[in-house]
$ cat protein-v2.pdb   # PDB, C-alpha atoms, pLDDT in the B column
ATOM      1  CA  GLU A   1    -117.532 -15.744 -29.874  1.00 82.00           C
ATOM      2  CA  ALA A   2    -120.360 -17.241 -31.936  1.00 82.00           C
ATOM      3  CA  GLN A   3    -122.917 -14.552 -32.570  1.00 93.00           C
ATOM      4  CA  VAL A   4    -125.463 -12.887 -34.803  1.00 97.00           C
ATOM      5  CA  THR A   5    -125.087  -9.130 -35.088  1.00 97.00           C
ATOM      6  CA  GLN A   6    -127.580  -6.584 -36.347  1.00 98.00           C
ATOM      7  CA  ASN A   7    -127.179  -2.929 -37.229  1.00 98.00           C
ATOM      8  CA  PRO A   8    -128.504  -0.502 -36.408  1.00 98.00           C
ATOM      9  CA  ARG A   9    -130.011  -1.458 -33.066  1.00 97.00           C
ATOM     10  CA  TYR A  10    -132.373   1.502 -33.101  1.00 97.00           C
ATOM     11  CA  LEU A  11    -133.629   3.536 -36.041  1.00 97.00           C
ATOM     12  CA  ILE A  12    -136.176   6.300 -36.422  1.00 97.00           C
ATOM     13  CA  THR A  13    -136.973   7.231 -39.993  1.00 96.00           C
ATOM     14  CA  VAL A  14    -139.685   8.791 -42.106  1.00 97.00           C
ATOM     15  CA  THR A  15    -142.155   7.284 -44.523  1.00 97.00           C
ATOM     16  CA  GLY A  16    -140.672   6.489 -47.914  1.00 97.00           C
ATOM     17  CA  LYS A  17    -136.990   6.779 -47.029  1.00 97.00           C
ATOM     18  CA  LYS A  18    -135.236   3.585 -48.074  1.00 97.00           C
ATOM     19  CA  LEU A  19    -133.344   1.773 -45.363  1.00 97.00           C
ATOM     20  CA  THR A  20    -131.319  -1.377 -44.855  1.00 98.00           C
ATOM     21  CA  VAL A  21    -130.903  -3.366 -41.663  1.00 98.00           C
ATOM     22  CA  THR A  22    -127.804  -5.515 -41.741  1.00 98.00           C
ATOM     23  CA  CYS A  23    -127.419  -8.973 -40.255  1.00 98.00           C
ATOM     24  CA  SER A  24    -124.213 -10.926 -39.986  1.00 98.00           C
ATOM     25  CA  GLN A  25    -123.303 -14.280 -38.430  1.00 97.00           C
ATOM     26  CA  ASN A  26    -119.891 -15.773 -37.779  1.00 95.00           C
ATOM     27  CA  MET A  27    -120.926 -19.411 -37.413  1.00 94.00           C
ATOM     28  CA  ASN A  28    -120.840 -20.421 -41.084  1.00 95.00           C
ATOM     29  CA  HIS A  29    -124.573 -21.103 -40.913  1.00 95.00           C
ATOM     30  CA  GLU A  30    -126.436 -21.833 -44.116  1.00 95.00           C
ATOM     31  CA  TYR A  31    -129.932 -20.819 -42.985  1.00 94.00           C
ATOM     32  CA  MET A  32    -130.784 -17.256 -42.053  1.00 96.00           C
ATOM     33  CA  SER A  33    -134.119 -15.639 -41.379  1.00 96.00           C
ATOM     34  CA  TRP A  34    -135.789 -12.341 -40.556  1.00 97.00           C
ATOM     35  CA  TYR A  35    -138.670 -11.929 -38.119  1.00 97.00           C
ATOM     36  CA  ARG A  36    -140.709  -9.030 -36.918  1.00 98.00           C
ATOM     37  CA  GLN A  37    -142.170  -8.927 -33.438  1.00 97.00           C
ATOM     38  CA  ASP A  38    -145.256  -6.920 -32.606  1.00 95.00           C
ATOM     39  CA  PRO A  39    -147.231  -6.803 -29.336  1.00 89.00           C
ATOM     40  CA  GLY A  40    -149.860  -9.507 -29.261  1.00 85.00           C
ATOM     41  CA  LEU A  41    -148.693 -11.003 -32.554  1.00 88.00           C
ATOM     42  CA  GLY A  42    -145.527 -12.769 -31.498  1.00 89.00           C
ATOM     43  CA  LEU A  43    -142.741 -13.449 -33.971  1.00 93.00           C
ATOM     44  CA  ARG A  44    -143.636 -13.566 -37.638  1.00 94.00           C
ATOM     45  CA  GLN A  45    -141.236 -14.721 -40.309  1.00 93.00           C
ATOM     46  CA  ILE A  46    -140.595 -12.203 -43.083  1.00 96.00           C
ATOM     47  CA  TYR A  47    -138.069 -13.941 -45.336  1.00 96.00           C
ATOM     48  CA  TYR A  48    -135.637 -16.771 -45.025  1.00 94.00           C
ATOM     49  CA  SER A  49    -132.603 -17.965 -46.916  1.00 95.00           C
ATOM     50  CA  MET A  50    -131.483 -21.551 -47.204  1.00 93.00           C
ATOM     51  CA  ASN A  51    -128.087 -20.628 -48.648  1.00 93.00           C
ATOM     52  CA  VAL A  52    -126.291 -18.081 -50.790  1.00 95.00           C
ATOM     53  CA  GLU A  53    -128.562 -16.742 -53.541  1.00 94.00           C
ATOM     54  CA  VAL A  54    -131.506 -18.832 -52.270  1.00 93.00           C
ATOM     55  CA  THR A  55    -134.286 -16.929 -50.509  1.00 95.00           C
ATOM     56  CA  ASP A  56    -137.998 -17.411 -49.991  1.00 93.00           C
ATOM     57  CA  LYS A  57    -140.955 -15.622 -48.478  1.00 93.00           C
ATOM     58  CA  GLY A  58    -142.114 -16.172 -44.946  1.00 91.00           C
ATOM     59  CA  ASP A  59    -145.546 -15.281 -43.624  1.00 89.00           C
ATOM     60  CA  VAL A  60    -145.310 -11.471 -43.903  1.00 95.00           C
ATOM     61  CA  PRO A  61    -143.000 -10.532 -46.827  1.00 97.00           C
ATOM     62  CA  GLU A  62    -144.938  -7.553 -48.185  1.00 97.00           C
ATOM     63  CA  GLY A  63    -142.905  -4.332 -48.190  1.00 97.00           C
ATOM     64  CA  TYR A  64    -139.577  -6.085 -47.607  1.00 98.00           C
ATOM     65  CA  LYS A  65    -136.716  -7.321 -49.743  1.00 98.00           C
ATOM     66  CA  VAL A  66    -133.717  -9.437 -48.884  1.00 98.00           C
ATOM     67  CA  SER A  67    -130.543 -10.599 -50.549  1.00 96.00           C
ATOM     68  CA  ARG A  68    -127.984 -13.263 -49.750  1.00 97.00           C
ATOM     69  CA  LYS A  69    -124.825 -12.616 -51.714  1.00 97.00           C
ATOM     70  CA  GLU A  70    -122.515 -13.973 -49.029  1.00 96.00           C
ATOM     71  CA  LYS A  71    -123.056 -16.737 -46.542  1.00 96.00           C
ATOM     72  CA  ARG A  72    -122.494 -14.571 -43.485  1.00 97.00           C
ATOM     73  CA  ASN A  73    -124.715 -11.609 -44.414  1.00 98.00           C
ATOM     74  CA  PHE A  74    -128.463 -11.333 -44.864  1.00 98.00           C
ATOM     75  CA  PRO A  75    -129.611  -7.704 -45.102  1.00 98.00           C
ATOM     76  CA  LEU A  76    -133.251  -6.680 -44.823  1.00 98.00           C
ATOM     77  CA  ILE A  77    -134.264  -3.874 -47.165  1.00 98.00           C
ATOM     78  CA  LEU A  78    -137.264  -1.607 -46.828  1.00 98.00           C
ATOM     79  CA  GLU A  79    -137.549   0.225 -50.149  1.00 96.00           C
ATOM     80  CA  SER A  80    -140.328   2.557 -49.030  1.00 97.00           C
ATOM     81  CA  PRO A  81    -140.999   2.180 -45.325  1.00 97.00           C
ATOM     82  CA  SER A  82    -144.453   2.881 -43.968  1.00 97.00           C
ATOM     83  CA  PRO A  83    -145.653   3.385 -40.376  1.00 97.00           C
ATOM     84  CA  ASN A  84    -147.097  -0.145 -40.262  1.00 97.00           C
ATOM     85  CA  GLN A  85    -143.544  -1.433 -40.520  1.00 98.00           C
ATOM     86  CA  THR A  86    -142.725   0.070 -37.145  1.00 98.00           C
ATOM     87  CA  SER A  87    -141.663  -2.999 -35.226  1.00 98.00           C
ATOM     88  CA  LEU A  88    -138.893  -4.926 -33.502  1.00 98.00           C
ATOM     89  CA  TYR A  89    -136.903  -6.935 -36.034  1.00 98.00           C
ATOM     90  CA  PHE A  90    -134.828 -10.014 -35.328  1.00 98.00           C
ATOM     91  CA  CYS A  91    -132.388 -11.810 -37.544  1.00 98.00           C
ATOM     92  CA  ALA A  92    -131.646 -15.457 -36.809  1.00 96.00           C
ATOM     93  CA  SER A  93    -129.388 -18.138 -38.165  1.00 95.00           C
ATOM     94  CA  THR A  94    -129.048 -21.891 -37.911  1.00 92.00           C
ATOM     95  CA  ILE A  95    -126.745 -24.520 -39.324  1.00 90.00           C
ATOM     96  CA  SER A  96    -128.902 -25.725 -42.180  1.00 82.00           C
ATOM     97  CA  ASN A  97    -132.622 -25.355 -41.501  1.00 78.00           C
ATOM     98  CA  PRO A  98    -134.976 -24.350 -38.683  1.00 73.00           C
ATOM     99  CA  THR A  99    -135.087 -27.896 -37.314  1.00 74.00           C
ATOM    100  CA  ASP A 100    -131.722 -26.983 -35.844  1.00 79.00           C
ATOM    101  CA  THR A 101    -131.187 -24.507 -33.021  1.00 84.00           C
ATOM    102  CA  GLN A 102    -131.795 -20.931 -34.125  1.00 88.00           C
ATOM    103  CA  TYR A 103    -129.525 -18.199 -32.824  1.00 94.00           C
ATOM    104  CA  PHE A 104    -131.094 -14.770 -32.697  1.00 96.00           C
ATOM    105  CA  GLY A 105    -129.500 -11.386 -33.053  1.00 97.00           C
ATOM    106  CA  PRO A 106    -130.112  -8.662 -30.456  1.00 97.00           C
ATOM    107  CA  GLY A 107    -132.892  -7.004 -32.446  1.00 97.00           C
ATOM    108  CA  THR A 108    -133.434  -3.733 -34.285  1.00 98.00           C
ATOM    109  CA  ARG A 109    -136.158  -1.414 -33.098  1.00 98.00           C
ATOM    110  CA  LEU A 110    -137.494   0.496 -36.083  1.00 98.00           C
ATOM    111  CA  THR A 111    -139.863   3.446 -35.922  1.00 98.00           C
ATOM    112  CA  VAL A 112    -141.308   4.828 -39.152  1.00 97.00           C
ATOM    113  CA  LEU A 113    -142.939   8.244 -38.775  1.00 96.00           C
TER     114      LEU A 113
ATOM    115  CA  GLY B   1    -151.501 -21.465 -43.830  1.00 76.00           C
ATOM    116  CA  GLN B   2    -150.118 -23.042 -40.712  1.00 80.00           C
ATOM    117  CA  GLN B   3    -151.217 -21.536 -37.421  1.00 89.00           C
ATOM    118  CA  VAL B   4    -149.646 -22.094 -34.028  1.00 93.00           C
ATOM    119  CA  MET B   5    -151.696 -21.103 -31.017  1.00 95.00           C
ATOM    120  CA  GLN B   6    -150.472 -20.703 -27.482  1.00 96.00           C
ATOM    121  CA  ILE B   7    -152.417 -20.382 -24.272  1.00 96.00           C
ATOM    122  CA  PRO B   8    -152.573 -18.634 -21.967  1.00 97.00           C
ATOM    123  CA  GLN B   9    -151.416 -15.308 -23.354  1.00 95.00           C
ATOM    124  CA  TYR B  10    -150.453 -14.105 -19.877  1.00 96.00           C
ATOM    125  CA  GLN B  11    -149.841 -15.865 -16.585  1.00 97.00           C
ATOM    126  CA  HIS B  12    -149.016 -14.285 -13.268  1.00 97.00           C
ATOM    127  CA  VAL B  13    -147.921 -16.570 -10.439  1.00 97.00           C
ATOM    128  CA  GLN B  14    -146.533 -16.342  -6.960  1.00 97.00           C
ATOM    129  CA  GLU B  15    -142.967 -17.540  -6.620  1.00 97.00           C
ATOM    130  CA  GLY B  16    -143.008 -21.249  -5.909  1.00 97.00           C
ATOM    131  CA  GLU B  17    -146.191 -21.979  -7.853  1.00 98.00           C
ATOM    132  CA  ASP B  18    -146.169 -24.120 -10.968  1.00 98.00           C
ATOM    133  CA  PHE B  19    -146.754 -22.815 -14.493  1.00 97.00           C
ATOM    134  CA  THR B  20    -147.821 -24.451 -17.738  1.00 98.00           C
ATOM    135  CA  THR B  21    -148.136 -23.093 -21.263  1.00 98.00           C
ATOM    136  CA  TYR B  22    -149.766 -24.990 -24.103  1.00 98.00           C
ATOM    137  CA  CYS B  23    -149.041 -24.908 -27.810  1.00 97.00           C
ATOM    138  CA  ASN B  24    -151.307 -26.196 -30.592  1.00 97.00           C
ATOM    139  CA  SER B  25    -150.565 -26.298 -34.288  1.00 95.00           C
ATOM    140  CA  SER B  26    -153.146 -26.472 -37.067  1.00 93.00           C
ATOM    141  CA  THR B  27    -150.836 -28.851 -38.948  1.00 92.00           C
ATOM    142  CA  THR B  28    -148.550 -31.725 -38.014  1.00 93.00           C
ATOM    143  CA  LEU B  29    -145.076 -30.523 -37.131  1.00 91.00           C
ATOM    144  CA  SER B  30    -141.647 -31.884 -37.993  1.00 89.00           C
ATOM    145  CA  ASN B  31    -140.521 -30.864 -34.539  1.00 91.00           C
ATOM    146  CA  ILE B  32    -141.363 -28.350 -31.857  1.00 94.00           C
ATOM    147  CA  GLN B  33    -138.961 -25.829 -30.424  1.00 94.00           C
ATOM    148  CA  TRP B  34    -139.296 -23.723 -27.314  1.00 96.00           C
ATOM    149  CA  TYR B  35    -137.725 -20.334 -26.786  1.00 96.00           C
ATOM    150  CA  LYS B  36    -137.561 -17.917 -23.885  1.00 97.00           C
ATOM    151  CA  GLN B  37    -137.376 -14.179 -24.292  1.00 97.00           C
ATOM    152  CA  ARG B  38    -136.543 -12.052 -21.284  1.00 97.00           C
ATOM    153  CA  PRO B  39    -137.999  -8.519 -21.204  1.00 93.00           C
ATOM    154  CA  GLY B  40    -135.954  -6.360 -23.558  1.00 93.00           C
ATOM    155  CA  GLY B  41    -134.007  -9.336 -24.851  1.00 96.00           C
ATOM    156  CA  HIS B  42    -133.996 -11.653 -27.816  1.00 96.00           C
ATOM    157  CA  PRO B  43    -135.441 -15.171 -28.060  1.00 96.00           C
ATOM    158  CA  VAL B  44    -133.127 -17.844 -26.705  1.00 95.00           C
ATOM    159  CA  PHE B  45    -133.457 -21.473 -27.692  1.00 93.00           C
ATOM    160  CA  LEU B  46    -134.457 -23.777 -24.840  1.00 95.00           C
ATOM    161  CA  ILE B  47    -135.103 -27.176 -26.368  1.00 94.00           C
ATOM    162  CA  GLN B  48    -136.283 -29.130 -29.397  1.00 93.00           C
ATOM    163  CA  LEU B  49    -138.584 -32.157 -29.393  1.00 95.00           C
ATOM    164  CA  VAL B  50    -138.716 -34.375 -32.436  1.00 92.00           C
ATOM    165  CA  LYS B  51    -140.423 -37.659 -31.620  1.00 95.00           C
ATOM    166  CA  SER B  52    -144.101 -38.258 -31.105  1.00 96.00           C
ATOM    167  CA  GLY B  53    -144.877 -38.397 -27.373  1.00 97.00           C
ATOM    168  CA  GLU B  54    -141.404 -37.191 -26.429  1.00 97.00           C
ATOM    169  CA  VAL B  55    -140.807 -35.778 -22.953  1.00 98.00           C
ATOM    170  CA  LYS B  56    -137.682 -33.878 -21.981  1.00 97.00           C
ATOM    171  CA  LYS B  57    -136.643 -32.262 -18.739  1.00 97.00           C
ATOM    172  CA  GLN B  58    -134.302 -29.423 -17.965  1.00 96.00           C
ATOM    173  CA  LYS B  59    -134.065 -28.986 -14.215  1.00 96.00           C
ATOM    174  CA  ARG B  60    -137.485 -27.535 -13.258  1.00 98.00           C
ATOM    175  CA  LEU B  61    -138.736 -27.389 -16.861  1.00 98.00           C
ATOM    176  CA  THR B  62    -140.610 -30.295 -18.463  1.00 98.00           C
ATOM    177  CA  PHE B  63    -141.418 -30.288 -22.171  1.00 98.00           C
ATOM    178  CA  GLN B  64    -143.850 -32.619 -23.903  1.00 98.00           C
ATOM    179  CA  PHE B  65    -144.618 -33.254 -27.568  1.00 97.00           C
ATOM    180  CA  GLY B  66    -148.005 -34.722 -28.337  1.00 96.00           C
ATOM    181  CA  GLU B  67    -148.583 -38.106 -29.924  1.00 95.00           C
ATOM    182  CA  ALA B  68    -150.008 -36.513 -33.060  1.00 95.00           C
ATOM    183  CA  LYS B  69    -147.111 -34.022 -33.222  1.00 95.00           C
ATOM    184  CA  LYS B  70    -149.577 -31.130 -33.253  1.00 96.00           C
ATOM    185  CA  ASN B  71    -149.386 -29.978 -29.665  1.00 96.00           C
ATOM    186  CA  SER B  72    -146.846 -29.410 -26.961  1.00 98.00           C
ATOM    187  CA  SER B  73    -146.549 -28.103 -23.436  1.00 98.00           C
ATOM    188  CA  LEU B  74    -143.973 -26.520 -21.194  1.00 98.00           C
ATOM    189  CA  HIS B  75    -144.333 -26.970 -17.449  1.00 98.00           C
ATOM    190  CA  ILE B  76    -142.242 -25.136 -14.873  1.00 98.00           C
ATOM    191  CA  THR B  77    -142.213 -26.516 -11.339  1.00 98.00           C
ATOM    192  CA  ALA B  78    -141.806 -24.131  -8.420  1.00 98.00           C
ATOM    193  CA  THR B  79    -141.322 -20.938 -10.412  1.00 98.00           C
ATOM    194  CA  GLN B  80    -138.575 -18.493  -9.538  1.00 97.00           C
ATOM    195  CA  THR B  81    -138.239 -14.809 -10.366  1.00 97.00           C
ATOM    196  CA  THR B  82    -135.584 -15.755 -12.929  1.00 97.00           C
ATOM    197  CA  ASP B  83    -138.293 -17.567 -14.919  1.00 97.00           C
ATOM    198  CA  VAL B  84    -139.910 -14.258 -15.866  1.00 98.00           C
ATOM    199  CA  GLY B  85    -140.217 -13.788 -19.611  1.00 97.00           C
ATOM    200  CA  THR B  86    -142.184 -14.783 -22.671  1.00 97.00           C
ATOM    201  CA  TYR B  87    -142.135 -18.414 -23.714  1.00 98.00           C
ATOM    202  CA  PHE B  88    -142.626 -19.195 -27.390  1.00 96.00           C
ATOM    203  CA  CYS B  89    -143.180 -22.449 -29.189  1.00 96.00           C
ATOM    204  CA  ALA B  90    -142.297 -22.787 -32.861  1.00 93.00           C
ATOM    205  CA  GLY B  91    -142.296 -25.492 -35.454  1.00 89.00           C
ATOM    206  CA  PRO B  92    -141.921 -26.185 -39.152  1.00 85.00           C
ATOM    207  CA  PRO B  93    -144.814 -28.092 -40.717  1.00 81.00           C
ATOM    208  CA  LEU B  94    -144.147 -31.702 -41.579  1.00 80.00           C
ATOM    209  CA  GLY B  95    -142.475 -31.941 -44.966  1.00 78.00           C
ATOM    210  CA  SER B  96    -141.349 -28.317 -45.001  1.00 73.00           C
ATOM    211  CA  ASN B  97    -138.190 -27.816 -43.048  1.00 67.00           C
ATOM    212  CA  TYR B  98    -137.532 -24.240 -44.040  1.00 76.00           C
ATOM    213  CA  LYS B  99    -140.498 -22.194 -42.958  1.00 81.00           C
ATOM    214  CA  LEU B 100    -140.977 -21.654 -39.235  1.00 84.00           C
ATOM    215  CA  THR B 101    -144.125 -20.475 -37.507  1.00 89.00           C
ATOM    216  CA  PHE B 102    -144.078 -19.185 -33.946  1.00 92.00           C
ATOM    217  CA  GLY B 103    -146.881 -19.126 -31.439  1.00 94.00           C
ATOM    218  CA  LYS B 104    -147.742 -15.722 -29.994  1.00 95.00           C
ATOM    219  CA  GLY B 105    -146.114 -16.599 -26.726  1.00 96.00           C
ATOM    220  CA  THR B 106    -147.062 -16.730 -23.056  1.00 97.00           C
ATOM    221  CA  LEU B 107    -145.816 -13.919 -20.851  1.00 96.00           C
ATOM    222  CA  LEU B 108    -144.969 -15.228 -17.396  1.00 98.00           C
ATOM    223  CA  THR B 109    -144.599 -12.853 -14.478  1.00 97.00           C
ATOM    224  CA  VAL B 110    -143.578 -14.076 -11.034  1.00 97.00           C
ATOM    225  CA  ASN B 111    -144.392 -12.270  -7.815  1.00 95.00           C
ATOM    226  CA  PRO B 112    -141.603 -12.744  -5.227  1.00 93.00           C
TER     227      PRO B 112
END

$ encode --input "protein-v2.pdb" --output "structure tokens"
Amino acid sequence: EAQVTQNPRYLITVTGKKLTVTCSQNMNHEYMSWYRQDPGLGLRQIYYSMNVEVTDKGDVPEGYKVSRKEKRNFPLILESPSPNQTSLYFCASTISNPTDTQYFGPGTRLTVL
Amino acid sequence: GQQVMQIPQYQHVQEGEDFTTYCNSSTTLSNIQWYKQRPGGHPVFLIQLVKSGEVKKQKRLTFQFGEAKKNSSLHITATQTTDVGTYFCAGPPLGSNYKLTFGKGTLLTVNP
């Protein structure tokens, strides 16, 4: 089954404790992206990757890092999480760029205390 | 930077009434995409419009892309309770196919 998976689905952590949210797709997609969703603000793009080893900033990259060492995986790293990063995070992938259909993962709800 | 605005933010209708949400971009778009997110779920792709003035239909849903490729609308005829959710528009600016900006969405609730 074609899908985008994210782990963990729920995470409660404390300020400053490094964490990684994993994202994996099994569709051989080149383009992957991370979004955060906050009430009243909609979906905002954090980082995107056009292919292996190629990443770029979205609209809200501060406080986040990403890497793309393999085509199928695109982890989101929070080196020193802060409470303002409490949010619902979605990973998405598409064949080559966002002009194609984006497939979203189920989301990761992160709470930073 | 590019901004995509959607109105209304919320819309409550009685089942059977029509519903429309509007999307306006501050810049010309390569294309416009529409997504639906059910409560507690993830965004699901509905449709993509590419051509200026394009109109597409999916059963009770009608999507339009403006002539200037800066605005779009989604119209639902005779809403049903299954239409409940948040509808988002999104589009990459013309000439930049990699960065995607979403509107803030319109939350539709339907009273049976």

$ residues_around --input "protein-v2.pdb" --residues "A:Tyr103" --least-positions-apart "4" --cutoff "9 Å" --atoms "only C-alpha atoms" --output "PyMOL selection string"
(chain A and resi 3-4+91-94) or (chain B and resi 43-45)

$ interface_residues --input "protein-v2.pdb" --of "chain A" --to "chain B" --cutoff "6 Å" --atoms "all atoms listed in the file" --output "PDB file with C-alpha atoms, in the coordinates of the input"
ATOM      1  CA  LEU A  41    -148.693 -11.003 -32.554  1.00 88.00           C
ATOM      2  CA  GLY A  42    -145.527 -12.769 -31.498  1.00 89.00           C
ATOM      3  CA  LEU A  43    -142.741 -13.449 -33.971  1.00 93.00           C
ATOM      4  CA  ASN A  97    -132.622 -25.355 -41.501  1.00 78.00           C
ATOM      5  CA  PRO A  98    -134.976 -24.350 -38.683  1.00 73.00           C
ATOM      6  CA  PRO A 106    -130.112  -8.662 -30.456  1.00 97.00           C
TER       7      PRO A 106
END

$ atom_distance --input "protein-v2.pdb" --atom1 "atom CA of B:Gln6" --atom2 "atom CA of B:Asp18"
17.4 Å

$ resolve_selection --input "protein-v2.pdb" --expression "the PyMOL selection byres ((chain B and resi 64-74) around 8)" --output "mmCIF file with C-alpha atoms, in the frame of the given file"
data_model
loop_
_atom_site.group_PDB
_atom_site.id
_atom_site.type_symbol
_atom_site.label_atom_id
_atom_site.label_comp_id
_atom_site.auth_asym_id
_atom_site.auth_seq_id
_atom_site.Cartn_x
_atom_site.Cartn_y
_atom_site.Cartn_z
ATOM 1 C CA THR B 20 -147.821 -24.451 -17.738
ATOM 2 C CA THR B 21 -148.136 -23.093 -21.263
ATOM 3 C CA TYR B 22 -149.766 -24.990 -24.103
ATOM 4 C CA CYS B 23 -149.041 -24.908 -27.810
ATOM 5 C CA ASN B 24 -151.307 -26.196 -30.592
ATOM 6 C CA SER B 25 -150.565 -26.298 -34.288
ATOM 7 C CA SER B 26 -153.146 -26.472 -37.067
ATOM 8 C CA THR B 27 -150.836 -28.851 -38.948
ATOM 9 C CA THR B 28 -148.550 -31.725 -38.014
ATOM 10 C CA LEU B 29 -145.076 -30.523 -37.131
ATOM 11 C CA SER B 30 -141.647 -31.884 -37.993
ATOM 12 C CA ASN B 31 -140.521 -30.864 -34.539
ATOM 13 C CA ILE B 32 -141.363 -28.350 -31.857
ATOM 14 C CA LEU B 49 -138.584 -32.157 -29.393
ATOM 15 C CA VAL B 50 -138.716 -34.375 -32.436
ATOM 16 C CA LYS B 51 -140.423 -37.659 -31.620
ATOM 17 C CA SER B 52 -144.101 -38.258 -31.105
ATOM 18 C CA GLY B 53 -144.877 -38.397 -27.373
ATOM 19 C CA GLU B 54 -141.404 -37.191 -26.429
ATOM 20 C CA VAL B 55 -140.807 -35.778 -22.953
ATOM 21 C CA LYS B 56 -137.682 -33.878 -21.981
ATOM 22 C CA LEU B 61 -138.736 -27.389 -16.861
ATOM 23 C CA THR B 62 -140.610 -30.295 -18.463
ATOM 24 C CA PHE B 63 -141.418 -30.288 -22.171
ATOM 25 C CA HIS B 75 -144.333 -26.970 -17.449
ATOM 26 C CA ILE B 76 -142.242 -25.136 -14.873
#

$ atom_distance --input "protein-v2.pdb" --atom1 "atom CA of A:Pro75" --atom2 "atom CA of A:Ser49"
10.8 Å

$ residues_around --input "protein-v2.pdb" --residues "A:Arg9" --least-positions-apart "4" --cutoff "7 Å" --atoms "only C-alpha atoms" --output "ChimeraX atom specification"
/A:107-109

$ decode --input "protein-v2.pdb" --residues "stretch 17-22 of chain B" --atoms "all heavy atoms" --output "PDB file, in the first residue's frame"
ATOM      1  N   GLU B  17     -27.819  22.930   2.020  1.00  0.00           N
ATOM      2  CA  GLU B  17     -27.451  24.272   1.548  1.00  0.00           C
ATOM      3  C   GLU B  17     -26.144  24.194   0.767  1.00  0.00           C
ATOM      4  O   GLU B  17     -25.364  23.252   0.898  1.00  0.00           O
ATOM      5  CB  GLU B  17     -27.290  25.225   2.736  1.00  0.00           C
ATOM      6  CG  GLU B  17     -28.599  25.556   3.423  1.00  0.00           C
ATOM      7  CD  GLU B  17     -28.418  26.535   4.571  1.00  0.00           C
ATOM      8  OE1 GLU B  17     -27.287  26.657   5.089  1.00  0.00           O
ATOM      9  OE2 GLU B  17     -29.406  27.173   4.961  1.00  0.00           O
ATOM     10  N   ASP B  18     -25.891  25.220  -0.021  1.00  0.00           N
ATOM     11  CA  ASP B  18     -24.642  25.295  -0.765  1.00  0.00           C
ATOM     12  C   ASP B  18     -23.556  25.965   0.078  1.00  0.00           C
ATOM     13  O   ASP B  18     -23.837  26.674   1.055  1.00  0.00           O
ATOM     14  CB  ASP B  18     -24.838  26.089  -2.059  1.00  0.00           C
ATOM     15  CG  ASP B  18     -25.726  25.380  -3.060  1.00  0.00           C
ATOM     16  OD1 ASP B  18     -26.135  24.224  -2.791  1.00  0.00           O
ATOM     17  OD2 ASP B  18     -26.016  25.973  -4.116  1.00  0.00           O
ATOM     18  N   PHE B  19     -22.312  25.767  -0.341  1.00  0.00           N
ATOM     19  CA  PHE B  19     -21.162  26.316   0.381  1.00  0.00           C
ATOM     20  C   PHE B  19     -20.092  26.727  -0.622  1.00  0.00           C
ATOM     21  O   PHE B  19     -19.858  26.033  -1.614  1.00  0.00           O
ATOM     22  CB  PHE B  19     -20.611  25.242   1.325  1.00  0.00           C
ATOM     23  CG  PHE B  19     -19.181  25.457   1.750  1.00  0.00           C
ATOM     24  CD1 PHE B  19     -18.853  26.403   2.706  1.00  0.00           C
ATOM     25  CD2 PHE B  19     -18.153  24.707   1.200  1.00  0.00           C
ATOM     26  CE1 PHE B  19     -17.539  26.603   3.100  1.00  0.00           C
ATOM     27  CE2 PHE B  19     -16.828  24.884   1.579  1.00  0.00           C
ATOM     28  CZ  PHE B  19     -16.522  25.840   2.539  1.00  0.00           C
ATOM     29  N   THR B  20     -19.470  27.869  -0.366  1.00  0.00           N
ATOM     30  CA  THR B  20     -18.369  28.313  -1.218  1.00  0.00           C
ATOM     31  C   THR B  20     -17.242  28.857  -0.357  1.00  0.00           C
ATOM     32  O   THR B  20     -17.475  29.600   0.600  1.00  0.00           O
ATOM     33  CB  THR B  20     -18.821  29.412  -2.195  1.00  0.00           C
ATOM     34  OG1 THR B  20     -19.923  28.948  -2.970  1.00  0.00           O
ATOM     35  CG2 THR B  20     -17.682  29.793  -3.134  1.00  0.00           C
ATOM     36  N   THR B  21     -16.020  28.503  -0.704  1.00  0.00           N
ATOM     37  CA  THR B  21     -14.833  29.065  -0.079  1.00  0.00           C
ATOM     38  C   THR B  21     -13.965  29.681  -1.164  1.00  0.00           C
ATOM     39  O   THR B  21     -13.885  29.148  -2.272  1.00  0.00           O
ATOM     40  CB  THR B  21     -14.046  28.030   0.741  1.00  0.00           C
ATOM     41  OG1 THR B  21     -12.827  28.624   1.215  1.00  0.00           O
ATOM     42  CG2 THR B  21     -13.705  26.787  -0.063  1.00  0.00           C
ATOM     43  N   TYR B  22     -13.329  30.808  -0.813  1.00  0.00           N
ATOM     44  CA  TYR B  22     -12.568  31.571  -1.784  1.00  0.00           C
ATOM     45  C   TYR B  22     -11.100  31.636  -1.362  1.00  0.00           C
ATOM     46  O   TYR B  22     -10.787  31.754  -0.181  1.00  0.00           O
ATOM     47  CB  TYR B  22     -13.123  32.984  -1.905  1.00  0.00           C
ATOM     48  CG  TYR B  22     -14.553  33.040  -2.353  1.00  0.00           C
ATOM     49  CD1 TYR B  22     -15.582  33.036  -1.415  1.00  0.00           C
ATOM     50  CD2 TYR B  22     -14.879  33.071  -3.699  1.00  0.00           C
ATOM     51  CE1 TYR B  22     -16.912  33.075  -1.820  1.00  0.00           C
ATOM     52  CE2 TYR B  22     -16.195  33.117  -4.112  1.00  0.00           C
ATOM     53  CZ  TYR B  22     -17.208  33.119  -3.171  1.00  0.00           C
ATOM     54  OH  TYR B  22     -18.517  33.151  -3.577  1.00  0.00           O
TER      55      TYR B  22
END
